[in-house]
file protein.pdb (PDB, C-alpha atoms)
MODEL        1
ATOM      1  CA  MET A   1      21.984  15.664  -2.486  1.00  0.00           C
ATOM      2  CA  ASP A   2      20.018  12.464  -2.048  1.00  0.00           C
ATOM      3  CA  GLU A   3      16.299  12.885  -1.487  1.00  0.00           C
ATOM      4  CA  ALA A   4      15.039  12.025   1.979  1.00  0.00           C
ATOM      5  CA  GLU A   5      13.175   8.762   2.281  1.00  0.00           C
ATOM      6  CA  PRO A   6       9.419   9.190   2.677  1.00  0.00           C
ATOM      7  CA  SER A   7       8.167   8.866   6.243  1.00  0.00           C
ATOM      8  CA  VAL A   8       5.275   6.642   5.159  1.00  0.00           C
ATOM      9  CA  PRO A   9       6.189   3.494   3.178  1.00  0.00           C
ATOM     10  CA  VAL A  10       4.486   3.069  -0.176  1.00  0.00           C
ATOM     11  CA  ASN A  11       1.126   1.252   0.020  1.00  0.00           C
ATOM     12  CA  ARG A  12       0.718   2.063   3.707  1.00  0.00           C
ATOM     13  CA  TYR A  13      -0.907   4.854   5.679  1.00  0.00           C
ATOM     14  CA  GLU A  14       0.720   6.997   8.321  1.00  0.00           C
ATOM     15  CA  ALA A  15       1.099   5.155  11.624  1.00  0.00           C
ATOM     16  CA  SER A  16       2.065   6.595  14.995  1.00  0.00           C
ATOM     17  CA  ASP A  17       4.975   5.169  16.963  1.00  0.00           C
ATOM     18  CA  ALA A  18       2.496   4.030  19.607  1.00  0.00           C
ATOM     19  CA  TRP A  19       0.467   2.024  17.069  1.00  0.00           C
ATOM     20  CA  ARG A  20       3.629   0.350  15.807  1.00  0.00           C
ATOM     21  CA  ALA A  21       4.774  -0.427  19.353  1.00  0.00           C
ATOM     22  CA  VAL A  22       1.470  -2.082  20.222  1.00  0.00           C
ATOM     23  CA  ASP A  23       1.592  -4.199  17.040  1.00  0.00           C
ATOM     24  CA  ARG A  24       5.158  -5.247  17.866  1.00  0.00           C
ATOM     25  CA  TYR A  25       4.171  -6.145  21.430  1.00  0.00           C
ATOM     26  CA  PHE A  26       1.208  -8.337  20.504  1.00  0.00           C
ATOM     27  CA  THR A  27       3.037  -9.896  17.559  1.00  0.00           C
ATOM     28  CA  SER A  28       6.015 -10.859  19.717  1.00  0.00           C
ATOM     29  CA  THR A  29       3.769 -12.070  22.550  1.00  0.00           C
ATOM     30  CA  LEU A  30       0.972 -13.904  20.742  1.00  0.00           C
ATOM     31  CA  VAL A  31       1.831 -14.433  17.091  1.00  0.00           C
ATOM     32  CA  GLY A  32       4.060 -17.226  15.816  1.00  0.00           C
ATOM     33  CA  GLU A  33       5.570 -15.599  12.736  1.00  0.00           C
ATOM     34  CA  ASP A  34       8.254 -18.094  11.715  1.00  0.00           C
ATOM     35  CA  SER A  35      11.079 -17.721   9.216  1.00  0.00           C
ATOM     36  CA  ALA A  36       8.912 -18.797   6.256  1.00  0.00           C
ATOM     37  CA  LEU A  37       6.397 -16.048   6.992  1.00  0.00           C
ATOM     38  CA  VAL A  38       9.161 -13.490   7.484  1.00  0.00           C
ATOM     39  CA  LEU A  39      10.592 -14.527   4.117  1.00  0.00           C
ATOM     40  CA  ALA A  40       7.193 -14.123   2.456  1.00  0.00           C
ATOM     41  CA  ARG A  41       6.666 -10.737   4.077  1.00  0.00           C
ATOM     42  CA  ASP A  42      10.100  -9.473   3.074  1.00  0.00           C
ATOM     43  CA  SER A  43       9.684 -10.742  -0.502  1.00  0.00           C
ATOM     44  CA  GLY A  44       6.718  -8.425  -0.893  1.00  0.00           C
ATOM     45  CA  ASP A  45       9.342  -5.883  -1.976  1.00  0.00           C
ATOM     46  CA  GLU A  46       9.776  -7.966  -5.136  1.00  0.00           C
ATOM     47  CA  THR A  47       6.103  -7.695  -6.123  1.00  0.00           C
ATOM     48  CA  THR A  48       4.161  -4.980  -7.896  1.00  0.00           C
ATOM     49  CA  MET A  49       2.833  -3.702  -4.531  1.00  0.00           C
ATOM     50  CA  PRO A  50       5.554  -3.575  -1.851  1.00  0.00           C
ATOM     51  CA  ASN A  51       4.351  -3.329   1.774  1.00  0.00           C
ATOM     52  CA  ALA A  52       0.792  -4.265   0.825  1.00  0.00           C
ATOM     53  CA  GLU A  53       0.666  -7.569   2.723  1.00  0.00           C
ATOM     54  CA  ILE A  54      -1.361  -7.807   5.900  1.00  0.00           C
ATOM     55  CA  ALA A  55       0.397  -7.352   9.243  1.00  0.00           C
ATOM     56  CA  ALA A  56       1.473 -10.416  11.226  1.00  0.00           C
ATOM     57  CA  ASN A  57      -1.245 -10.039  13.861  1.00  0.00           C
ATOM     58  CA  GLN A  58      -3.815  -9.687  11.075  1.00  0.00           C
ATOM     59  CA  GLY A  59      -2.494 -12.880   9.483  1.00  0.00           C
ATOM     60  CA  ALA A  60      -2.975 -14.690  12.772  1.00  0.00           C
ATOM     61  CA  PHE A  61      -6.484 -13.232  12.971  1.00  0.00           C
ATOM     62  CA  LEU A  62      -7.276 -14.609   9.506  1.00  0.00           C
ATOM     63  CA  GLU A  63      -5.937 -17.995  10.547  1.00  0.00           C
ATOM     64  CA  LEU A  64      -8.129 -18.012  13.657  1.00  0.00           C
ATOM     65  CA  LEU A  65     -11.238 -16.928  11.716  1.00  0.00           C
ATOM     66  CA  THR A  66     -10.634 -19.721   9.205  1.00  0.00           C
ATOM     67  CA  GLN A  67     -10.263 -22.282  11.969  1.00  0.00           C
ATOM     68  CA  ILE A  68     -13.289 -20.993  13.890  1.00  0.00           C
ATOM     69  CA  ALA A  69     -15.327 -21.318  10.689  1.00  0.00           C
ATOM     70  CA  GLY A  70     -14.084 -24.899  10.308  1.00  0.00           C
ATOM     71  CA  ALA A  71     -13.038 -24.035   6.769  1.00  0.00           C
ATOM     72  CA  ARG A  72     -11.346 -26.642   4.602  1.00  0.00           C
ATOM     73  CA  ARG A  73     -11.662 -24.799   1.277  1.00  0.00           C
ATOM     74  CA  VAL A  74     -10.558 -21.170   1.031  1.00  0.00           C
ATOM     75  CA  LEU A  75     -10.705 -18.758  -1.905  1.00  0.00           C
ATOM     76  CA  GLU A  76      -8.407 -15.737  -1.926  1.00  0.00           C
ATOM     77  CA  PHE A  77      -8.663 -12.742  -4.264  1.00  0.00           C
ATOM     78  CA  GLY A  78      -5.162 -11.232  -4.470  1.00  0.00           C
ATOM     79  CA  THR A  79      -1.968 -13.187  -3.763  1.00  0.00           C
ATOM     80  CA  LEU A  80       1.022 -10.843  -4.135  1.00  0.00           C
ATOM     81  CA  ALA A  81       3.921 -12.608  -2.324  1.00  0.00           C
ATOM     82  CA  GLY A  82       1.588 -15.113  -0.687  1.00  0.00           C
ATOM     83  CA  TYR A  83       1.963 -13.921   2.908  1.00  0.00           C
ATOM     84  CA  SER A  84      -1.736 -14.152   3.788  1.00  0.00           C
ATOM     85  CA  THR A  85      -2.032 -17.276   1.629  1.00  0.00           C
ATOM     86  CA  ILE A  86       0.408 -19.125   3.873  1.00  0.00           C
ATOM     87  CA  TRP A  87      -1.585 -18.207   6.972  1.00  0.00           C
ATOM     88  CA  LEU A  88      -4.737 -19.496   5.266  1.00  0.00           C
ATOM     89  CA  ALA A  89      -3.069 -22.686   4.026  1.00  0.00           C
ATOM     90  CA  ARG A  90      -1.873 -23.503   7.518  1.00  0.00           C
ATOM     91  CA  ALA A  91      -5.363 -22.862   8.874  1.00  0.00           C
ATOM     92  CA  VAL A  92      -7.122 -25.336   6.557  1.00  0.00           C
ATOM     93  CA  GLY A  93      -4.890 -28.202   7.623  1.00  0.00           C
ATOM     94  CA  GLU A  94      -3.313 -31.055   5.721  1.00  0.00           C
ATOM     95  CA  GLN A  95      -6.551 -32.058   3.986  1.00  0.00           C
ATOM     96  CA  GLY A  96      -7.578 -28.512   3.102  1.00  0.00           C
ATOM     97  CA  GLN A  97      -7.049 -26.384   0.008  1.00  0.00           C
ATOM     98  CA  VAL A  98      -6.560 -22.708  -0.771  1.00  0.00           C
ATOM     99  CA  VAL A  99      -7.254 -21.369  -4.252  1.00  0.00           C
ATOM    100  CA  THR A 100      -5.619 -17.982  -4.706  1.00  0.00           C
ATOM    101  CA  LEU A 101      -6.184 -15.636  -7.656  1.00  0.00           C
ATOM    102  CA  GLU A 102      -3.375 -13.333  -8.794  1.00  0.00           C
ATOM    103  CA  LEU A 103      -3.284 -10.985 -11.757  1.00  0.00           C
ATOM    104  CA  GLU A 104       0.488 -10.694 -12.250  1.00  0.00           C
ATOM    105  CA  PRO A 105       2.586 -13.729 -13.276  1.00  0.00           C
ATOM    106  CA  HIS A 106       5.654 -12.264 -11.563  1.00  0.00           C
ATOM    107  CA  ASN A 107       3.821 -11.937  -8.251  1.00  0.00           C
ATOM    108  CA  ALA A 108       2.567 -15.506  -8.588  1.00  0.00           C
ATOM    109  CA  ALA A 109       6.130 -16.757  -9.131  1.00  0.00           C
ATOM    110  CA  VAL A 110       7.325 -14.977  -5.988  1.00  0.00           C
ATOM    111  CA  ALA A 111       4.417 -16.461  -4.056  1.00  0.00           C
ATOM    112  CA  GLU A 112       5.004 -19.999  -5.350  1.00  0.00           C
ATOM    113  CA  ALA A 113       8.596 -19.890  -4.083  1.00  0.00           C
ATOM    114  CA  ASN A 114       7.302 -18.794  -0.680  1.00  0.00           C
ATOM    115  CA  PHE A 115       4.725 -21.586  -0.606  1.00  0.00           C
ATOM    116  CA  HIS A 116       7.458 -24.154  -1.185  1.00  0.00           C
ATOM    117  CA  ALA A 117       9.640 -22.606   1.516  1.00  0.00           C
ATOM    118  CA  ALA A 118       6.712 -22.766   3.952  1.00  0.00           C
ATOM    119  CA  GLY A 119       5.948 -26.391   3.078  1.00  0.00           C
ATOM    120  CA  VAL A 120       2.348 -25.683   2.060  1.00  0.00           C
ATOM    121  CA  SER A 121       2.548 -25.624  -1.736  1.00  0.00           C
ATOM    122  CA  HIS A 122       0.596 -28.901  -1.962  1.00  0.00           C
ATOM    123  CA  ARG A 123      -2.383 -27.189  -0.313  1.00  0.00           C
ATOM    124  CA  ILE A 124      -2.422 -24.169  -2.638  1.00  0.00           C
ATOM    125  CA  GLU A 125      -3.581 -23.693  -6.215  1.00  0.00           C
ATOM    126  CA  THR A 126      -2.526 -20.388  -7.767  1.00  0.00           C
ATOM    127  CA  ILE A 127      -4.550 -19.175 -10.737  1.00  0.00           C
ATOM    128  CA  VAL A 128      -2.970 -16.359 -12.746  1.00  0.00           C
ATOM    129  CA  GLY A 129      -5.050 -13.794 -14.618  1.00  0.00           C
ATOM    130  CA  PRO A 130      -7.772 -11.211 -13.939  1.00  0.00           C
ATOM    131  CA  ALA A 131      -9.546 -12.393 -10.796  1.00  0.00           C
ATOM    132  CA  THR A 132     -13.037 -11.815 -12.176  1.00  0.00           C
ATOM    133  CA  GLU A 133     -12.263 -14.074 -15.140  1.00  0.00           C
ATOM    134  CA  SER A 134     -10.586 -16.697 -12.971  1.00  0.00           C
ATOM    135  CA  ALA A 135     -13.567 -16.744 -10.625  1.00  0.00           C
ATOM    136  CA  GLU A 136     -15.969 -17.074 -13.537  1.00  0.00           C
ATOM    137  CA  ARG A 137     -14.051 -20.124 -14.733  1.00  0.00           C
ATOM    138  CA  LEU A 138     -14.358 -21.672 -11.283  1.00  0.00           C
ATOM    139  CA  ILE A 139     -18.106 -21.020 -11.381  1.00  0.00           C
ATOM    140  CA  HIS A 140     -18.419 -22.410 -14.921  1.00  0.00           C
ATOM    141  CA  ASP A 141     -16.412 -25.515 -13.989  1.00  0.00           C
ATOM    142  CA  GLY A 142     -18.641 -26.209 -10.987  1.00  0.00           C
ATOM    143  CA  ALA A 143     -15.933 -25.817  -8.356  1.00  0.00           C
ATOM    144  CA  GLU A 144     -16.679 -27.353  -4.983  1.00  0.00           C
ATOM    145  CA  PRO A 145     -18.062 -24.624  -2.685  1.00  0.00           C
ATOM    146  CA  PHE A 146     -15.616 -22.662  -0.563  1.00  0.00           C
ATOM    147  CA  ASP A 147     -16.055 -22.243   3.197  1.00  0.00           C
ATOM    148  CA  PHE A 148     -14.055 -19.031   3.541  1.00  0.00           C
ATOM    149  CA  VAL A 149     -13.248 -16.192   1.134  1.00  0.00           C
ATOM    150  CA  PHE A 150     -10.619 -13.487   1.611  1.00  0.00           C
ATOM    151  CA  ILE A 151     -10.995 -10.505  -0.731  1.00  0.00           C
ATOM    152  CA  ASP A 152      -7.824  -8.426  -0.872  1.00  0.00           C
ATOM    153  CA  ALA A 153      -7.384  -7.363  -4.487  1.00  0.00           C
ATOM    154  CA  ASP A 154      -8.121  -4.167  -6.455  1.00  0.00           C
ATOM    155  CA  LYS A 155     -10.789  -2.340  -4.475  1.00  0.00           C
ATOM    156  CA  PRO A 156     -12.936  -0.956  -7.345  1.00  0.00           C
ATOM    157  CA  ASN A 157     -13.806  -4.570  -8.204  1.00  0.00           C
ATOM    158  CA  ASN A 158     -14.967  -5.445  -4.676  1.00  0.00           C
ATOM    159  CA  PRO A 159     -18.629  -5.730  -5.761  1.00  0.00           C
ATOM    160  CA  ALA A 160     -17.690  -8.113  -8.588  1.00  0.00           C
ATOM    161  CA  TYR A 161     -15.593 -10.205  -6.218  1.00  0.00           C
ATOM    162  CA  LEU A 162     -18.438 -10.398  -3.727  1.00  0.00           C
ATOM    163  CA  ALA A 163     -20.852 -11.486  -6.468  1.00  0.00           C
ATOM    164  CA  ALA A 164     -18.448 -14.240  -7.525  1.00  0.00           C
ATOM    165  CA  ALA A 165     -17.903 -15.280  -3.916  1.00  0.00           C
ATOM    166  CA  LEU A 166     -21.633 -15.700  -3.419  1.00  0.00           C
ATOM    167  CA  LYS A 167     -21.753 -18.044  -6.413  1.00  0.00           C
ATOM    168  CA  LEU A 168     -18.861 -20.061  -5.017  1.00  0.00           C
ATOM    169  CA  THR A 169     -20.014 -20.464  -1.406  1.00  0.00           C
ATOM    170  CA  ARG A 170     -23.014 -21.795   0.495  1.00  0.00           C
ATOM    171  CA  SER A 171     -24.782 -21.240   3.818  1.00  0.00           C
ATOM    172  CA  GLY A 172     -22.370 -20.753   6.714  1.00  0.00           C
ATOM    173  CA  ALA A 173     -19.502 -19.441   4.599  1.00  0.00           C
ATOM    174  CA  VAL A 174     -17.441 -16.510   5.871  1.00  0.00           C
ATOM    175  CA  ILE A 175     -16.243 -13.673   3.628  1.00  0.00           C
ATOM    176  CA  VAL A 176     -13.609 -11.143   4.737  1.00  0.00           C
ATOM    177  CA  ILE A 177     -12.885  -7.968   2.746  1.00  0.00           C
ATOM    178  CA  ASP A 178      -9.673  -6.113   3.587  1.00  0.00           C
ATOM    179  CA  ASN A 179      -8.641  -2.437   3.384  1.00  0.00           C
ATOM    180  CA  VAL A 180     -12.115  -0.977   3.763  1.00  0.00           C
ATOM    181  CA  VAL A 181     -11.459   2.085   5.948  1.00  0.00           C
ATOM    182  CA  ARG A 182      -8.787   3.639   3.732  1.00  0.00           C
ATOM    183  CA  ASN A 183      -7.442   6.105   6.284  1.00  0.00           C
ATOM    184  CA  GLY A 184     -11.004   7.238   7.032  1.00  0.00           C
ATOM    185  CA  ALA A 185     -11.865   8.104   3.438  1.00  0.00           C
ATOM    186  CA  VAL A 186     -14.633   5.488   3.318  1.00  0.00           C
ATOM    187  CA  ALA A 187     -16.891   7.895   5.213  1.00  0.00           C
ATOM    188  CA  ASP A 188     -16.731  10.435   2.371  1.00  0.00           C
ATOM    189  CA  ALA A 189     -19.645   9.722   0.036  1.00  0.00           C
ATOM    190  CA  ALA A 190     -18.321  12.278  -2.443  1.00  0.00           C
ATOM    191  CA  SER A 191     -14.841  10.764  -2.681  1.00  0.00           C
ATOM    192  CA  ALA A 192     -13.449  10.620  -6.216  1.00  0.00           C
ATOM    193  CA  ASP A 193     -11.225   7.663  -5.290  1.00  0.00           C
ATOM    194  CA  PRO A 194     -12.539   4.544  -7.095  1.00  0.00           C
ATOM    195  CA  ARG A 195     -11.110   2.389  -4.303  1.00  0.00           C
ATOM    196  CA  VAL A 196     -13.260   4.197  -1.749  1.00  0.00           C
ATOM    197  CA  GLN A 197     -16.313   3.897  -3.980  1.00  0.00           C
ATOM    198  CA  GLY A 198     -15.587   0.185  -4.453  1.00  0.00           C
ATOM    199  CA  VAL A 199     -15.685  -0.291  -0.686  1.00  0.00           C
ATOM    200  CA  ARG A 200     -18.844   1.791  -0.284  1.00  0.00           C
ATOM    201  CA  ALA A 201     -20.578  -0.127  -3.094  1.00  0.00           C
ATOM    202  CA  VAL A 202     -19.770  -3.533  -1.647  1.00  0.00           C
ATOM    203  CA  ALA A 203     -20.866  -2.431   1.842  1.00  0.00           C
ATOM    204  CA  LYS A 204     -24.185  -1.278   0.400  1.00  0.00           C
ATOM    205  CA  GLU A 205     -24.665  -4.602  -1.390  1.00  0.00           C
ATOM    206  CA  ILE A 206     -23.896  -6.575   1.764  1.00  0.00           C
ATOM    207  CA  ALA A 207     -26.396  -4.514   3.744  1.00  0.00           C
ATOM    208  CA  ALA A 208     -29.100  -5.090   1.117  1.00  0.00           C
ATOM    209  CA  HIS A 209     -28.538  -8.822   0.682  1.00  0.00           C
ATOM    210  CA  PRO A 210     -31.141 -10.906   2.550  1.00  0.00           C
ATOM    211  CA  ASP A 211     -28.759 -13.801   3.216  1.00  0.00           C
ATOM    212  CA  LEU A 212     -25.762 -11.870   4.514  1.00  0.00           C
ATOM    213  CA  ASP A 213     -24.900 -10.651   7.997  1.00  0.00           C
ATOM    214  CA  GLY A 214     -21.912  -8.364   8.233  1.00  0.00           C
ATOM    215  CA  THR A 215     -20.010  -5.809  10.240  1.00  0.00           C
ATOM    216  CA  ALA A 216     -16.859  -3.742   9.859  1.00  0.00           C
ATOM    217  CA  LEU A 217     -13.950  -3.173  12.222  1.00  0.00           C
ATOM    218  CA  GLN A 218     -11.521  -0.265  12.133  1.00  0.00           C
ATOM    219  CA  THR A 219      -7.900  -1.140  12.822  1.00  0.00           C
ATOM    220  CA  VAL A 220      -4.810   0.876  13.643  1.00  0.00           C
ATOM    221  CA  GLY A 221      -1.261  -0.437  13.650  1.00  0.00           C
ATOM    222  CA  GLU A 222       1.945  -0.534  11.677  1.00  0.00           C
ATOM    223  CA  LYS A 223      -0.027  -0.239   8.428  1.00  0.00           C
ATOM    224  CA  GLY A 224      -1.912   2.819   9.606  1.00  0.00           C
ATOM    225  CA  TRP A 225      -5.668   3.389   9.872  1.00  0.00           C
ATOM    226  CA  ASP A 226      -7.693   0.820   7.961  1.00  0.00           C
ATOM    227  CA  GLY A 227     -10.022  -2.086   8.649  1.00  0.00           C
ATOM    228  CA  LEU A 228     -12.033  -4.980   7.318  1.00  0.00           C
ATOM    229  CA  ILE A 229     -15.559  -6.199   6.688  1.00  0.00           C
ATOM    230  CA  ILE A 230     -16.571  -9.634   7.980  1.00  0.00           C
ATOM    231  CA  VAL A 231     -19.618 -11.325   6.439  1.00  0.00           C
ATOM    232  CA  ARG A 232     -21.383 -14.610   7.121  1.00  0.00           C
ATOM    233  CA  ARG A 233     -23.905 -16.301   4.825  1.00  0.00           C
ATOM    234  CA  ARG A 234     -27.074 -17.344   6.608  1.00  0.00           C
TER     235      ARG A 234
ENDMDL
END

call {"tool": "encode", "arguments": {"input": "protein.pdb", "output": "structure tokens"}}
result
Amino acid sequence: MDEAEPSVPVNRYEASDAWRAVDRYFTSTLVGEDSALVLARDSGDETTMPNAEIAANQGAFLELLTQIAGARRVLEFGTLAGYSTIWLARAVGEQGQVVTLELEPHNAAVAEANFHAAGVSHRIETIVGPATESAERLIHDGAEPFDFVFIDADKPNNPAYLAAALKLTRSGAVIVIDNVVRNGAVADAASADPRVQGVRAVAKEIAAHPDLDGTALQTVGEKGWDGLIIVRRR
């Protein structure tokens, strides 16, 4: 007998039917997810982390934040199939640039195909390798400061990614860190999950930094119970 399919897709948390319905309603009403974005979302199944891309309404939120910040240079930690990268590349406009850091060459290849399909490959530079090392090379090479940073990679390294982001941005920059609620586990100081501790450590560092203002928002939807931290450099 075939095993029953799991009720919760891999790399997602449990989500109620009502949460999914609300996401579908707002996505269909407000969000312009075209065929290129659908292709990128679906191709996430070909990466090392299926279903890990942000939801469509969250992609639109990222795009709006980038535009509100007036960002022309964006740094992204974690590419996968490039779904969020496309939203960011569209937000920066024809003269803008997104630099995205991806560990796995296979994921980067999937993403590059999606960038071409979306017509934004000329705005995106994909750097393959450990993100901490890639970011250090950008710092060493004196990269032009970024206006917006999206951190959505391995969570235990969140503090290292924040430290690199601070070296690669200037006053007024916006930093967004995804997947910080972790189905509520972030509130457990004794959690043995290194992803939870990575979130708690980066939140503590943001709170202690004299030049950072930040807050966190819980979200519910098709990906379950999670959320993000939004930070602005003074």

call {"tool": "residues_near_point", "arguments": {"input": "protein.pdb", "point": "(-18.5, -16.1, -5.2)", "cutoff": "12 Å", "atoms": "all atoms listed in the file", "output": "PyMOL selection string"}}
result
chain A and resi 74-77+131-140+142-151+158-170+173-175+233

call {"tool": "atom_distance", "arguments": {"input": "protein.pdb", "atom1": "atom CA of Asp211 of chain A", "atom2": "atom CA of Val176 of chain A"}}
result
15.5 Å

call {"tool": "closest_residue", "arguments": {"input": "protein.pdb", "among": "A:Pro156, A:Asp45, A:Gly172, A:His106", "to": "Ala71 of chain A", "atoms": "all atoms listed in the file"}}
result
A:Gly172

call {"tool": "resolve_selection", "arguments": {"input": "protein.pdb", "expression": "the PyMOL selection byres ((chain A and resi 228-231) around 7)", "output": "list in words"}}
result
Val174, Ile175, Val176, Ile177, Asp178, Asn179, Val180, Leu212, Asp213, Gly214, Thr215, Ala216, Leu217, Gln218, Gly227, Arg232 and Arg233 of chain A

call {"tool": "atom_distance", "arguments": {"input": "protein.pdb", "atom1": "atom CA of Ala69 of chain A", "atom2": "atom CA of Arg123 of chain A"}}
result
18.0 Å

call {"tool": "closest_residue", "arguments": {"input": "protein.pdb", "among": "A:Asn11, A:Asn51, A:Ser171, A:Ser84", "to": "Phe115 of chain A", "atoms": "only C-alpha atoms"}}
result
A:Ser84

call {"tool": "atom_distance", "arguments": {"input": "protein.pdb", "atom1": "atom CA of Arg90 of chain A", "atom2": "atom CA of His116 of chain A"}}
result
12.8 Å

call {"tool": "closest_residue", "arguments": {"input": "protein.pdb", "among": "A:Val98, A:Leu37, A:Arg234, A:Glu125", "to": "Ala55 of chain A", "atoms": "only C-alpha atoms"}}
result
A:Leu37

call {"tool": "closest_residue", "arguments": {"input": "protein.pdb", "among": "A:Val128, A:Ala185, A:Ile54, A:Val22", "to": "Ile86 of chain A", "atoms": "all atoms listed in the file"}}
result
A:Ile54

call {"tool": "resolve_selection", "arguments": {"input": "protein.pdb", "expression": "the PyMOL selection byres ((chain A and resi 15) around 6)", "output": "PyMOL selection string"}}
result
chain A and resi 14+16+222+224

call {"tool": "residues_near_point", "arguments": {"input": "protein.pdb", "point": "(4.4, 0.3, -11.2)", "cutoff": "12 Å", "atoms": "all atoms listed in the file", "output": "list in words"}}
result
Val10, Asn11, Glu46, Thr47, Thr48, Met49, Pro50 and Glu104 of chain A

call {"tool": "closest_residue", "arguments": {"input": "protein.pdb", "among": "A:Pro9, A:Gly78, A:Gly59, A:Gly96", "to": "Asp152 of chain A", "atoms": "all atoms listed in the file"}}
result
A:Gly78

call {"tool": "closest_residue", "arguments": {"input": "protein.pdb", "among": "A:Ala187, A:Ala81, A:Ala117, A:Leu103", "to": "Glu53 of chain A", "atoms": "all atoms listed in the file"}}
result
A:Ala81

call {"tool": "resolve_selection", "arguments": {"input": "protein.pdb", "expression": "the PyMOL selection byres ((chain A and resi 61) around 12)", "output": "number ranges by chain"}}
result
A: 26-27, 30-32, 54-60, 62-68, 84, 87-88, 91, 176, 228, 230

call {"tool": "write_last_selection", "arguments": {"input": "protein.pdb", "atoms": "C-alpha atoms", "output": "compact mmCIF listing (two decimals), in the coordinates of the input"}}
result
# COMPACT_ATOMS: atom_id res chain seq x y z
CA PHE A 26 1.21 -8.34 20.50
CA THR A 27 3.04 -9.90 17.56
CA LEU A 30 0.97 -13.90 20.74
CA VAL A 31 1.83 -14.43 17.09
CA GLY A 32 4.06 -17.23 15.82
CA ILE A 54 -1.36 -7.81 5.90
CA ALA A 55 0.40 -7.35 9.24
CA ALA A 56 1.47 -10.42 11.23
CA ASN A 57 -1.25 -10.04 13.86
CA GLN A 58 -3.82 -9.69 11.08
CA GLY A 59 -2.49 -12.88 9.48
CA ALA A 60 -2.98 -14.69 12.77
CA LEU A 62 -7.28 -14.61 9.51
CA GLU A 63 -5.94 -18.00 10.55
CA LEU A 64 -8.13 -18.01 13.66
CA LEU A 65 -11.24 -16.93 11.72
CA THR A 66 -10.63 -19.72 9.20
CA GLN A 67 -10.26 -22.28 11.97
CA ILE A 68 -13.29 -20.99 13.89
CA SER A 84 -1.74 -14.15 3.79
CA TRP A 87 -1.58 -18.21 6.97
CA LEU A 88 -4.74 -19.50 5.27
CA ALA A 91 -5.36 -22.86 8.87
CA VAL A 176 -13.61 -11.14 4.74
CA LEU A 228 -12.03 -4.98 7.32
CA ILE A 230 -16.57 -9.63 7.98

call {"tool": "residues_around", "arguments": {"input": "protein.pdb", "residues": "Val186 of chain A", "least_positions_apart": "4", "cutoff": "10 Å", "atoms": "all atoms listed in the file", "output": "list in words"}}
result
Asn179, Val180, Val181, Arg182, Ala190, Ser191, Asp193, Arg195, Val196, Gln197, Gly198, Val199, Arg200 and Asp226 of chain A

call {"tool": "decode", "arguments": {"input": "protein.pdb", "residues": "segment 36-45 of chain A", "atoms": "N, CA, C and O atoms", "output": "PDB file, in the first residue's frame"}}
result
ATOM      1  N   ALA A  36       5.923  34.174 -15.337  1.00  0.00           N
ATOM      2  CA  ALA A  36       7.337  34.003 -14.995  1.00  0.00           C
ATOM      3  C   ALA A  36       7.509  33.726 -13.505  1.00  0.00           C
ATOM      4  O   ALA A  36       8.342  32.904 -13.108  1.00  0.00           O
ATOM      5  N   LEU A  37       6.723  34.394 -12.681  1.00  0.00           N
ATOM      6  CA  LEU A  37       6.786  34.148 -11.240  1.00  0.00           C
ATOM      7  C   LEU A  37       6.221  32.774 -10.894  1.00  0.00           C
ATOM      8  O   LEU A  37       6.756  32.067 -10.037  1.00  0.00           O
ATOM      9  N   VAL A  38       5.146  32.389 -11.556  1.00  0.00           N
ATOM     10  CA  VAL A  38       4.580  31.057 -11.327  1.00  0.00           C
ATOM     11  C   VAL A  38       5.602  29.989 -11.696  1.00  0.00           C
ATOM     12  O   VAL A  38       5.797  29.005 -10.972  1.00  0.00           O
ATOM     13  N   LEU A  39       6.295  30.191 -12.813  1.00  0.00           N
ATOM     14  CA  LEU A  39       7.337  29.258 -13.231  1.00  0.00           C
ATOM     15  C   LEU A  39       8.434  29.159 -12.178  1.00  0.00           C
ATOM     16  O   LEU A  39       8.884  28.055 -11.829  1.00  0.00           O
ATOM     17  N   ALA A  40       8.869  30.307 -11.662  1.00  0.00           N
ATOM     18  CA  ALA A  40       9.922  30.310 -10.645  1.00  0.00           C
ATOM     19  C   ALA A  40       9.447  29.619  -9.373  1.00  0.00           C
ATOM     20  O   ALA A  40      10.199  28.854  -8.752  1.00  0.00           O
ATOM     21  N   ARG A  41       8.217  29.886  -8.989  1.00  0.00           N
ATOM     22  CA  ARG A  41       7.674  29.244  -7.784  1.00  0.00           C
ATOM     23  C   ARG A  41       7.602  27.733  -7.959  1.00  0.00           C
ATOM     24  O   ARG A  41       8.019  26.962  -7.090  1.00  0.00           O
ATOM     25  N   ASP A  42       7.069  27.298  -9.096  1.00  0.00           N
ATOM     26  CA  ASP A  42       6.929  25.863  -9.334  1.00  0.00           C
ATOM     27  C   ASP A  42       8.291  25.166  -9.428  1.00  0.00           C
ATOM     28  O   ASP A  42       8.437  24.011  -9.015  1.00  0.00           O
ATOM     29  N   SER A  43       9.290  25.868  -9.962  1.00  0.00           N
ATOM     30  CA  SER A  43      10.613  25.248 -10.120  1.00  0.00           C
ATOM     31  C   SER A  43      11.347  25.103  -8.793  1.00  0.00           C
ATOM     32  O   SER A  43      12.409  24.479  -8.739  1.00  0.00           O
ATOM     33  N   GLY A  44      10.779  25.649  -7.731  1.00  0.00           N
ATOM     34  CA  GLY A  44      11.349  25.416  -6.412  1.00  0.00           C
ATOM     35  C   GLY A  44      11.426  23.935  -6.079  1.00  0.00           C
ATOM     36  O   GLY A  44      12.284  23.511  -5.293  1.00  0.00           O
ATOM     37  N   ASP A  45      10.554  23.129  -6.709  1.00  0.00           N
ATOM     38  CA  ASP A  45      10.589  21.683  -6.489  1.00  0.00           C
ATOM     39  C   ASP A  45      11.892  21.064  -6.984  1.00  0.00           C
ATOM     40  O   ASP A  45      12.244  19.946  -6.583  1.00  0.00           O
TER      41      ASP A  45
END
